[in-house]
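Participant: After the structure tokens below, expect a handful of questions from me.
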Amino acid sequence: MTIQDIIVYLGQFFDKVVLEGSGEGAITGPAKIETARQGQVSFVSNEKYLRHLETTQASLVVVHLSLDVSAFSERVSFLKVRDPYTAFVFLLKRFSAPREIACPGIAATAVIGSGVSMGEGVSIGEYVVIGDGCVIGDDVVIGAHGTLLGHVTIGSGSVLFPSVICYDGTVIGKRVTIHSGSVIGADGFGFAPQADGSYIKIPQMGIVEIGDDAEIGANATIDRATMGSTVIGKGVKIDNLVQIAHNCHIGDHTVIAAQAGISGSVTLGRHCMIGGQAGFAGHLELADRTHVAAQAGISKSFLQPGQSIRGYPAQPMREQLKQEALTRGIGTMKQRIDALEAALKSLLDG
Amino acid sequence: MTIQDIIVYLGQFFDKVVLEGSGEGAITGPAKIETARQGQVSFVSNEKYLRHLETTQASLVVVHLSLDVSAFSERVSFLKVRDPYTAFVFLLKRFSAPREIACPGIAATAVIGSGVSMGEGVSIGEYVVIGDGCVIGDDVVIGAHGTLLGHVTIGSGSVLFPSVICYDGTVIGKRVTIHSGSVIGADGFGFAPQADGSYIKIPQMGIVEIGDDAEIGANATIDRATMGSTVIGKGVKIDNLVQIAHNCHIGDHTVIAAQAGISGSVTLGRHCMIGGQAGFAGHLELADRTHVAAQAGISKSFLQPGQSIRGYPAQPMREQLKQEALTRGIGTMKQRIDALEAALKSLLDG
Amino acid sequence: MTIQDIIVYLGQFFDKVVLEGSGEGAITGPAKIETARQGQVSFVSNEKYLRHLETTQASLVVVHLSLDVSAFSERVSFLKVRDPYTAFVFLLKRFSAPREIACPGIAATAVIGSGVSMGEGVSIGEYVVIGDGCVIGDDVVIGAHGTLLGHVTIGSGSVLFPSVICYDGTVIGKRVTIHSGSVIGADGFGFAPQADGSYIKIPQMGIVEIGDDAEIGANATIDRATMGSTVIGKGVKIDNLVQIAHNCHIGDHTVIAAQAGISGSVTLGRHCMIGGQAGFAGHLELADRTHVAAQAGISKSFLQPGQSIRGYPAQPMREQLKQEALTRGIGTMKQRIDALEAALKSLLDG
């Protein structure tokens with residue numbers, strides 16, 4: 001791929017792609033600035049990596065429009081764009097080999113139920129089991145050993161890696177990615193206590209709905225609603241081993257890091273960021289753009305948009321950090337009390 | 001289904017089912033009181049939902065025996081019972097379509113080992129693999145891609161959703177439900193440290209035993225014992241992504257919420273409730289009816305029945321909440337010390 | 001098996017195996033000292049179990065070289081070794097029946113891609129799916145429903161229990177064990193935020209490399225690197241439901257307990273021990289032999305080898321325990337402030 005090809009490619013995403021340097025030579029792939037070899041493309045978006053420009057072996061480096069690279073552009077070619085990090089992500093994508101999750105077409109070993117509607121260009125892997133009445137959109141890929149129980153709908157362009165399980169009635173949008181081992185639509189954890197201390201199961205009659213462009217990590221669990229739907233919004237990103245309980249509603253473009261757990265009937269706003277291993281009590285609500293620190297324990301709603309919260313029980317970042325600083329100073333407080341008691345005693349003993 | 005049918009049905013579970021209102025009309029399904037439409041049945045068990053009785057479109061509402069509904073019973077029919085919530089759960093169950101996890105019979109693609117004993121009325125799904133010497137009870141359902149290694153026993157009426165894995169020797173009781181992706185009987189995490197800092201594996205020769213009527217969520221892990229059995233009691237409910245380590249003993253009717261982790265050789269009493277993401281050090285014991293708050297870290301035994309515990313390290317609820325309140329007041333304490341020092345200084349300088 | 005056979009067997013691992021007692025009789029298997037029956041072998045390595053020597057029914061007991069057992073050796077035979085616990089582990093291994101995970105050979109139902117290199121003595125289970133270009137070493141065992149995407153390498157003697165999934169390019173060393181449901185090489189959680197609040201996926205082009213003799217528990221997730229490799233060192237032991245994010249480097253012989261979560265680009269030294277449910281922020285480093293307490297939250301690097309750390313945010317054990325003790329004493333501090341204020345008031349009021 002020539003540098004000219006790359007300029008054309010990035011031109012799809014950026015109004016302005018400015019070449020500085022010779023622009024000659026073929027580019028074979030992407031690499032980090034400090035390890036790039038001749039023929040590779042890299043990027044610098046963070047000031048602390050600027051020093052690598054002096055020594056990098058990369059043939060092409062993507063940088064910000066405002067960066068002065070005149071000292072290096074005789075030796076290295078540069079492409080200047082508004083957002084070099086995102087430009088590099090697009091280059092990664094451009095150079096990444098298409099991953100084969102399942103061969104095109106429907107594997108002979110796949111078991112397809114009755115009344116299944118299958119789009120064009122699907123890839124259904126070995127030993128996939130698709131229940132009655134499922135609707136599979138165009139270009140959907142389902143990896144080996146995937147199981148769809150009855151009446152699951154998957155929108156066009158979605159990709160299920162091997163061994164994803166969707167319970168009956170699950171509705172998945174377009175261009176959704178689900179990684180291996182995730183279980184979508186298992187029963188919510190609902191049991192009614194009886195007088196003798198045993199429990200009877202509350203039937204979980206709802207479903208899970210996942211919006212367009214969402215991505216779900218590996219071995220995550222998203223439970224179906226008791227009645228109605230557990231809703232994962234558009235563009236939501238959910239990491240590995242996350243638990244989303246029944247009747248949750250996760251707002252569009254919210255990001256949830258690994259091992260976080262969202263209890264039943266929690267509503268998260270749009271564009272929230274939830275740290276790893278954070279946990280939520282049930283029936284809470286977070287406003288849009290709330291940031292939750294890793295391992296936080298959220299026990300009440302936070303309804304003002306854009307807050308950062310932290311701690312157990314979680315409170316706004318500023319209060320929590322103040323609290324933590326005060327607690328770290330408790331040894332000093334104790335010494336001051338000792339001194340006060342001694343001073344008062346000597347005063348009284350006078 | 002007529003209201004008369006519903007009275008007969010609930011009569012199986014309740015001594016007293018009192019109709020108030022016309023009792024006419026067909027009921028098509030259950031719904032929440034605030035969203036119910038004509039022909040649907042709902043319930044009110046919580047005072048704060050009583051106001052919906054004025055406006056609900058439901059044709060039938062289940063309420064407590066003691067509730068005066070005379071103001072509404074011209075427009076809506078009522079069934080009065082001792083426990084309207086549980087009655088509604090039974091109605092949910094009655095109206096829920098039977099879920100098809102596997103077709104009746106043994107799928108042609110199932111691989112059945114030698115010496116397997118298969119009960120009557122079983123449903124063994126596509127691509128299920130059953131090892132030598134397994135014993136499958138009557139009416140057992142095993143979803144697609146389930147794997148039983150050798151000599152697994154499953155009691156009658158139990159249901160394994162797709163892709164459940166049971167290691168060799170696992171013993172599962174009657175009417176047990178296990179959701180997709182759970183792994184029962186993997187090796188306990190036991191390694192003997194060697195002088196050179198490496199480890200040798202301690203063979204895990206025990207098994208897992210799961211009692212009647214237990215339910216295990218999705219992607220949970222219950223490890224086999226080193227010797228003997230890891231025991232999950234009768235009626236235990238375990239949520240998604242829970243870890244139960246080797247040689248644990250979970251008492252009957254104990255409930256464990258998502259992502260909790262129980263270390264090796266822990267004994268939990270009967271009727272305990274363990275909050276989500278709670279963690280236990282090894283070799284501890286909790287008495288019957290202990291309640292553990294979410295995210296608590298339990299580092300010692302609590303042997304008095306009926307306690308609530310919370311925090312890290314966990315302590316009884318009352319002490320812990322007092323501790324947390326005191327810690328929240330630390331800023332005020334600091335100000336009081338400042339004031340004392342100033343007062344003393346002015347006294348001494350006096 | 002005779003006691004003489006056992007002496008020969010243990011002689012492979014220990015320079016000195018000293019018999020005390022008759023050494024007669026057959027040994028049928030291992031058992032705990034307190035429950036052992038005639039014909040069984042047990043061990044005592046902990047003083048508090050010594051009292052069981054008076055009553056044990058075991059025919060053979062393994063003890064430390066230095067222990068005086070003359071009072072019991074008429075009734076019971078003893079083998080004295082340097083490390084009786086490890087000797088017993090070897091005996092457990094010797095008596096444990098070989099577990100059948102997959103039948104020898106390649107199951108007729110396995111689907112093998114093109115250009116796969118298959119070693120000698122492999123056992124490939126039912127419905128296993130192996131992608132193009134995989135390299136499977138000698139004596140490898142892959143349980144039912146395992147999936148290898150393309151170009152996965154598995155070293156000789158490794159064992160994958162049923163339903164393990166390895167994404168494309170994964171490299172697994174020799175004698176590695178991976179338990180059911182684990183997902184190796186899923187995409188790292190990398191998304192570039194866009195101006196409109198949505199995200200674009202950062203292609204994850206790297207792989208996972210797992211060193212020789214590592215063991216991975218059930219339902220764990222180890223993500224592939226964005227570029228380069230996520231590295232699991234030799235002899236590393238990872239428990240169930242652990243999350244290892246992209247670009248982590250786990251040093252040799254480090255042990256990670258259940259449900260711990262290691263964020264992206266974290267480097268753990270060799271011989272570390274990470275407690276259950278511990279969580280790490282990204283881009284940190286721990287020195288060799290660092291011990292991390294359960295549920296700790298690690299927010300910065302700890303570069304001095306051999307430290308124990310604990311708490312949230314984690315700090316060295318000594319400081320953290322001091323901090324916790326001070327915090328527990330906060331009620332007393334408050335009372336002392338009350339007393340000081342009262343004393344000062346009475347002084348001023350004269």
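In the structure tokens, chains take letters A, B, ... by order of appearance, with residues numbered from 1 within each chain and ligands from 1 in the order shown.
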List every residue of chain C that has an atom at most 6 Å from any atom of chain A, and for each one report the closest atom pair and its distance in Å to one decimal, counting only C-alpha atoms, with rows sorted by chain and then by increasing residue number, as a Markdown table.

Facilitator:
```
| residue | atom | partner | partner_atom | distance |
| --- | --- | --- | --- | --- |
| C:Ser198 | CA | A:His253 | CA | 5.7 |
| C:Ile202 | CA | A:Val89 | CA | 5.5 |
| C:Pro203 | CA | A:Lys93 | CA | 5.5 |
```

Participant: Please return as an MDAnalysis selection string: the residues of range 17-107 of chain A that backbone DSSP assigns to helix (DSSP H, G or I).

Facilitator: chainID A and resid 47:54 84:95

Participant: Once you have the residues from the selection above, write them out as a PDB file, in the first residue's frame, restricted to N, CA and C atoms.

Facilitator:
```pdb
ATOM      1  N   GLU A  47       2.362  13.823  23.842  1.00  0.00           N
ATOM      2  CA  GLU A  47       3.632  14.574  23.846  1.00  0.00           C
ATOM      3  C   GLU A  47       4.820  13.723  24.296  1.00  0.00           C
ATOM      4  N   LYS A  48       4.563  12.816  25.234  1.00  0.00           N
ATOM      5  CA  LYS A  48       5.714  12.107  25.783  1.00  0.00           C
ATOM      6  C   LYS A  48       6.335  11.125  24.781  1.00  0.00           C
ATOM      7  N   TYR A  49       5.656  10.899  23.682  1.00  0.00           N
ATOM      8  CA  TYR A  49       6.226  10.031  22.654  1.00  0.00           C
ATOM      9  C   TYR A  49       6.943  10.821  21.554  1.00  0.00           C
ATOM     10  N   LEU A  50       6.874  12.151  21.634  1.00  0.00           N
ATOM     11  CA  LEU A  50       7.482  12.984  20.590  1.00  0.00           C
ATOM     12  C   LEU A  50       8.971  12.691  20.419  1.00  0.00           C
ATOM     13  N   ARG A  51       9.649  12.423  21.528  1.00  0.00           N
ATOM     14  CA  ARG A  51      11.087  12.184  21.461  1.00  0.00           C
ATOM     15  C   ARG A  51      11.452  11.017  20.529  1.00  0.00           C
ATOM     16  N   HIS A  52      10.491  10.084  20.348  1.00  0.00           N
ATOM     17  CA  HIS A  52      10.773   8.952  19.472  1.00  0.00           C
ATOM     18  C   HIS A  52      10.908   9.369  18.014  1.00  0.00           C
ATOM     19  N   LEU A  53      10.430  10.574  17.670  1.00  0.00           N
ATOM     20  CA  LEU A  53      10.534  10.994  16.266  1.00  0.00           C
ATOM     21  C   LEU A  53      11.986  11.089  15.815  1.00  0.00           C
ATOM     22  N   GLU A  54      12.862  11.344  16.761  1.00  0.00           N
ATOM     23  CA  GLU A  54      14.275  11.467  16.394  1.00  0.00           C
ATOM     24  C   GLU A  54      14.884  10.143  15.937  1.00  0.00           C
ATOM     25  N   PRO A  84      -4.940  12.093  15.314  1.00  0.00           N
ATOM     26  CA  PRO A  84      -4.022  11.048  14.824  1.00  0.00           C
ATOM     27  C   PRO A  84      -4.293   9.673  15.427  1.00  0.00           C
ATOM     28  N   TYR A  85      -4.782   9.619  16.677  1.00  0.00           N
ATOM     29  CA  TYR A  85      -5.063   8.334  17.308  1.00  0.00           C
ATOM     30  C   TYR A  85      -6.163   7.591  16.548  1.00  0.00           C
ATOM     31  N   THR A  86      -7.261   8.298  16.289  1.00  0.00           N
ATOM     32  CA  THR A  86      -8.358   7.669  15.555  1.00  0.00           C
ATOM     33  C   THR A  86      -7.924   7.304  14.132  1.00  0.00           C
ATOM     34  N   ALA A  87      -7.104   8.174  13.522  1.00  0.00           N
ATOM     35  CA  ALA A  87      -6.605   7.849  12.176  1.00  0.00           C
ATOM     36  C   ALA A  87      -5.817   6.544  12.210  1.00  0.00           C
ATOM     37  N   PHE A  88      -5.021   6.373  13.277  1.00  0.00           N
ATOM     38  CA  PHE A  88      -4.230   5.148  13.374  1.00  0.00           C
ATOM     39  C   PHE A  88      -5.130   3.923  13.593  1.00  0.00           C
ATOM     40  N   VAL A  89      -6.192   4.114  14.378  1.00  0.00           N
ATOM     41  CA  VAL A  89      -7.155   3.022  14.557  1.00  0.00           C
ATOM     42  C   VAL A  89      -7.724   2.593  13.203  1.00  0.00           C
ATOM     43  N   PHE A  90      -8.056   3.570  12.370  1.00  0.00           N
ATOM     44  CA  PHE A  90      -8.557   3.216  11.041  1.00  0.00           C
ATOM     45  C   PHE A  90      -7.491   2.478  10.232  1.00  0.00           C
ATOM     46  N   LEU A  91      -6.236   2.865  10.430  1.00  0.00           N
ATOM     47  CA  LEU A  91      -5.162   2.158   9.709  1.00  0.00           C
ATOM     48  C   LEU A  91      -4.993   0.733  10.217  1.00  0.00           C
ATOM     49  N   LEU A  92      -5.104   0.566  11.534  1.00  0.00           N
ATOM     50  CA  LEU A  92      -5.065  -0.789  12.096  1.00  0.00           C
ATOM     51  C   LEU A  92      -6.129  -1.648  11.427  1.00  0.00           C
ATOM     52  N   LYS A  93      -7.323  -1.077  11.368  1.00  0.00           N
ATOM     53  CA  LYS A  93      -8.450  -1.788  10.761  1.00  0.00           C
ATOM     54  C   LYS A  93      -8.139  -2.130   9.301  1.00  0.00           C
ATOM     55  N   ARG A  94      -7.566  -1.152   8.605  1.00  0.00           N
ATOM     56  CA  ARG A  94      -7.273  -1.330   7.184  1.00  0.00           C
ATOM     57  C   ARG A  94      -6.262  -2.453   6.958  1.00  0.00           C
ATOM     58  N   PHE A  95      -5.294  -2.554   7.865  1.00  0.00           N
ATOM     59  CA  PHE A  95      -4.234  -3.553   7.673  1.00  0.00           C
ATOM     60  C   PHE A  95      -4.565  -4.906   8.312  1.00  0.00           C
TER      61      PHE A  95
END
```

Participant: Could you name the residues that touch Arg224 in chain C at 9 Å or less, counting only C-alpha atoms, but leaving out those on the same chain fewer than 2 positions away, as a ChimeraX atom specification?

Facilitator: /C:167,170,184-188,204-209,222,226-230,245-247

Participant: Quick one: everything within 9 Å of Gln4 in chain C, counting only C-alpha atoms, minus sequence neighbours fewer than 5 positions away in the same chain. Send it as a VMD selection string.

Facilitator: chain C and resid 9 23 to 24

Participant: Near Val171 in chain C, counting only C-alpha atoms, which residues have an atom at most 9 Å away, once you skip same-chain residues fewer than 4 positions from it, shown as a list in words?

Facilitator: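 These residues fall inside the cut-off: His151, Val152, Thr153, Ile154, Gly155, Ile207, Val208, Glu209, Ile210 and Gly211 of chain C.
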
Participant: Could you dump the residues just selected with N, CA and C atoms as a PDB file, in the first residue's frame?

Facilitator:
```pdb
ATOM      1  N   HIS C 151      -4.953 -21.054  13.049  1.00  0.00           N
ATOM      2  CA  HIS C 151      -3.544 -20.834  13.367  1.00  0.00           C
ATOM      3  C   HIS C 151      -3.268 -20.792  14.862  1.00  0.00           C
ATOM      4  N   VAL C 152      -3.963 -21.653  15.600  1.00  0.00           N
ATOM      5  CA  VAL C 152      -3.687 -21.830  17.026  1.00  0.00           C
ATOM      6  C   VAL C 152      -2.620 -22.906  17.176  1.00  0.00           C
ATOM      7  N   THR C 153      -1.669 -22.691  18.095  1.00  0.00           N
ATOM      8  CA  THR C 153      -0.630 -23.679  18.372  1.00  0.00           C
ATOM      9  C   THR C 153      -0.779 -24.187  19.796  1.00  0.00           C
ATOM     10  N   ILE C 154      -0.787 -25.511  19.971  1.00  0.00           N
ATOM     11  CA  ILE C 154      -0.892 -26.099  21.305  1.00  0.00           C
ATOM     12  C   ILE C 154       0.260 -27.060  21.512  1.00  0.00           C
ATOM     13  N   GLY C 155       1.066 -26.797  22.549  1.00  0.00           N
ATOM     14  CA  GLY C 155       2.254 -27.615  22.809  1.00  0.00           C
ATOM     15  C   GLY C 155       1.911 -29.001  23.329  1.00  0.00           C
ATOM     16  N   ILE C 207      -2.062 -11.344  19.892  1.00  0.00           N
ATOM     17  CA  ILE C 207      -2.445 -12.709  20.265  1.00  0.00           C
ATOM     18  C   ILE C 207      -2.286 -12.905  21.769  1.00  0.00           C
ATOM     19  N   VAL C 208      -2.560 -14.128  22.224  1.00  0.00           N
ATOM     20  CA  VAL C 208      -2.254 -14.555  23.589  1.00  0.00           C
ATOM     21  C   VAL C 208      -1.195 -15.654  23.515  1.00  0.00           C
ATOM     22  N   GLU C 209      -0.208 -15.566  24.385  1.00  0.00           N
ATOM     23  CA  GLU C 209       0.795 -16.636  24.521  1.00  0.00           C
ATOM     24  C   GLU C 209       0.746 -17.157  25.954  1.00  0.00           C
ATOM     25  N   ILE C 210       0.621 -18.467  26.109  1.00  0.00           N
ATOM     26  CA  ILE C 210       0.562 -19.090  27.432  1.00  0.00           C
ATOM     27  C   ILE C 210       1.768 -20.013  27.589  1.00  0.00           C
ATOM     28  N   GLY C 211       2.527 -19.822  28.668  1.00  0.00           N
ATOM     29  CA  GLY C 211       3.765 -20.570  28.875  1.00  0.00           C
ATOM     30  C   GLY C 211       3.538 -22.016  29.314  1.00  0.00           C
TER      31      GLY C 211
END
```

Participant: Calculated over only C-alpha atoms, which of the candidates A:Pro305, A:Gly169, A:Gly190, A:Gly251 has the smallest distance to Ser263 in chain A?

Facilitator: A:Gly190

Participant: Could you pull the residues within 12 Å of Leu321 in chain B, counting only C-alpha atoms, minus those fewer than 3 positions along the same chain, as a PyMOL selection string?

Facilitator: (chain A and resi 312-313) or (chain B and resi 293+308-312+314-318+324-328) or (chain C and resi 328)

Participant: Produce a file of the selected residues containing N, CA and C atoms, as a JSON list (two decimals), in the first residue's frame.

Facilitator:
```
[["chain", "number", "residue", "atom", "x", "y", "z"],
["A", 312, "TYR", "N", -17.25, 3.19, 48.52],
["A", 312, "TYR", "CA", -18.32, 2.31, 49.00],
["A", 312, "TYR", "C", -18.81, 2.82, 50.34],
["A", 313, "PRO", "N", -20.04, 3.23, 50.53],
["A", 313, "PRO", "CA", -20.96, 3.46, 49.41],
["A", 313, "PRO", "C", -20.50, 4.64, 48.57],
["B", 293, "ALA", "N", -23.91, -8.41, 53.17],
["B", 293, "ALA", "CA", -24.16, -7.31, 52.23],
["B", 293, "ALA", "C", -23.32, -7.47, 50.97],
["B", 308, "SER", "N", -26.71, -9.93, 60.40],
["B", 308, "SER", "CA", -26.41, -9.26, 59.14],
["B", 308, "SER", "C", -25.00, -8.72, 59.23],
["B", 309, "ILE", "N", -24.20, -8.95, 58.21],
["B", 309, "ILE", "CA", -22.82, -8.47, 58.25],
["B", 309, "ILE", "C", -22.51, -7.69, 56.98],
["B", 310, "ARG", "N", -21.50, -6.82, 57.10],
["B", 310, "ARG", "CA", -21.24, -5.86, 56.04],
["B", 310, "ARG", "C", -19.83, -5.30, 56.19],
["B", 311, "GLY", "N", -19.24, -4.83, 55.10],
["B", 311, "GLY", "CA", -17.96, -4.12, 55.14],
["B", 311, "GLY", "C", -16.77, -5.02, 54.88],
["B", 312, "TYR", "N", -15.59, -4.37, 54.94],
["B", 312, "TYR", "CA", -14.33, -5.09, 54.70],
["B", 312, "TYR", "C", -13.32, -4.63, 55.72],
["B", 314, "ALA", "N", -15.58, -7.68, 57.06],
["B", 314, "ALA", "CA", -16.99, -7.64, 57.44],
["B", 314, "ALA", "C", -17.17, -7.73, 58.95],
["B", 315, "GLN", "N", -18.14, -6.98, 59.45],
["B", 315, "GLN", "CA", -18.53, -7.07, 60.86],
["B", 315, "GLN", "C", -20.04, -6.90, 60.93],
["B", 316, "PRO", "N", -20.61, -7.16, 62.12],
["B", 316, "PRO", "CA", -22.07, -7.05, 62.21],
["B", 316, "PRO", "C", -22.57, -5.68, 61.74],
["B", 317, "MET", "N", -23.69, -5.68, 61.10],
["B", 317, "MET", "CA", -24.27, -4.50, 60.45],
["B", 317, "MET", "C", -24.25, -3.27, 61.35],
["B", 318, "ARG", "N", -24.71, -3.41, 62.60],
["B", 318, "ARG", "CA", -24.84, -2.27, 63.49],
["B", 318, "ARG", "C", -23.46, -1.61, 63.72],
["B", 324, "GLU", "N", -19.07, 3.37, 59.78],
["B", 324, "GLU", "CA", -19.13, 4.17, 58.56],
["B", 324, "GLU", "C", -19.60, 5.59, 58.85],
["B", 325, "ALA", "N", -20.57, 5.73, 59.78],
["B", 325, "ALA", "CA", -21.07, 7.06, 60.15],
["B", 325, "ALA", "C", -19.96, 7.86, 60.82],
["B", 326, "LEU", "N", -19.23, 7.22, 61.72],
["B", 326, "LEU", "CA", -18.11, 7.90, 62.39],
["B", 326, "LEU", "C", -17.07, 8.34, 61.37],
["B", 327, "THR", "N", -16.79, 7.48, 60.41],
["B", 327, "THR", "CA", -15.78, 7.82, 59.40],
["B", 327, "THR", "C", -16.25, 8.98, 58.55],
["B", 328, "ARG", "N", -17.54, 9.00, 58.24],
["B", 328, "ARG", "CA", -18.06, 10.14, 57.49],
["B", 328, "ARG", "C", -17.93, 11.45, 58.28],
["C", 328, "ARG", "N", -10.76, 1.79, 63.06],
["C", 328, "ARG", "CA", -11.64, 1.11, 64.02],
["C", 328, "ARG", "C", -11.69, 1.87, 65.36]]
```

Participant: Per DSSP on the backbone, filter range 78-180 of chain A down to the residues in strand (DSSP E or B) and report them as a PyMOL selection string.

Facilitator: chain A and resi 78-81+105-106+111-112+117-118+123-124+129-130+135-136+141-142+147-148+153-154+159-160+165-166+171-172+177-178

Participant: Would you mind exporting the chosen residues as a PDB file, in the first residue's frame, restricted to C-alpha atoms?

Facilitator:
```pdb
ATOM      1  CA  PHE A  78       4.163  12.549   7.992  1.00  0.00           C
ATOM      2  CA  LEU A  79       0.404  12.682   7.625  1.00  0.00           C
ATOM      3  CA  LYS A  80      -1.185  15.439   9.658  1.00  0.00           C
ATOM      4  CA  VAL A  81      -4.809  15.057  10.732  1.00  0.00           C
ATOM      5  CA  GLY A 105     -22.615 -20.202   3.898  1.00  0.00           C
ATOM      6  CA  ILE A 106     -24.373 -22.564   6.255  1.00  0.00           C
ATOM      7  CA  VAL A 111     -29.103 -27.670  12.804  1.00  0.00           C
ATOM      8  CA  ILE A 112     -31.733 -25.187  11.693  1.00  0.00           C
ATOM      9  CA  SER A 117     -35.677 -16.810   8.114  1.00  0.00           C
ATOM     10  CA  MET A 118     -32.119 -16.607   6.850  1.00  0.00           C
ATOM     11  CA  SER A 123     -21.923 -17.556   7.681  1.00  0.00           C
ATOM     12  CA  ILE A 124     -23.277 -20.184  10.051  1.00  0.00           C
ATOM     13  CA  VAL A 129     -28.072 -24.887  16.612  1.00  0.00           C
ATOM     14  CA  ILE A 130     -30.795 -22.441  15.610  1.00  0.00           C
ATOM     15  CA  VAL A 135     -34.752 -14.441  12.043  1.00  0.00           C
ATOM     16  CA  ILE A 136     -31.137 -14.083  10.891  1.00  0.00           C
ATOM     17  CA  VAL A 141     -21.821 -14.561  11.239  1.00  0.00           C
ATOM     18  CA  ILE A 142     -22.450 -17.196  13.923  1.00  0.00           C
ATOM     19  CA  THR A 147     -26.999 -21.825  20.170  1.00  0.00           C
ATOM     20  CA  LEU A 148     -30.112 -19.772  19.549  1.00  0.00           C
ATOM     21  CA  THR A 153     -33.759 -12.155  15.963  1.00  0.00           C
ATOM     22  CA  ILE A 154     -30.282 -11.051  14.839  1.00  0.00           C
ATOM     23  CA  VAL A 159     -21.129 -11.326  14.562  1.00  0.00           C
ATOM     24  CA  LEU A 160     -21.397 -13.975  17.269  1.00  0.00           C
ATOM     25  CA  ILE A 165     -25.897 -18.674  23.671  1.00  0.00           C
ATOM     26  CA  CYS A 166     -29.055 -16.651  23.130  1.00  0.00           C
ATOM     27  CA  VAL A 171     -33.544  -9.452  19.902  1.00  0.00           C
ATOM     28  CA  ILE A 172     -30.117  -8.360  18.641  1.00  0.00           C
ATOM     29  CA  THR A 177     -20.503  -8.186  18.165  1.00  0.00           C
ATOM     30  CA  ILE A 178     -20.767 -10.800  20.927  1.00  0.00           C
TER      31      ILE A 178
END
```

Participant: How many Å separate CA of Thr56 in chain B from CA of Ile232 in chain A?

Facilitator: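 Pair CA of Thr56 in chain B / CA of Ile232 in chain A returns 29.0 Å.
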
Participant: Identify, on the basis of only C-alpha atoms, every residue whose closest approach to Leu19 in chain B does not exceed 12 Å; exclude the query and any residue fewer than 2 positions from it along the same chain; express the result as a PyMOL selection string.

Facilitator: chain B and resi 3-4+6-8+10-11+16-17+21-24+60-65+69-70+73+76-81
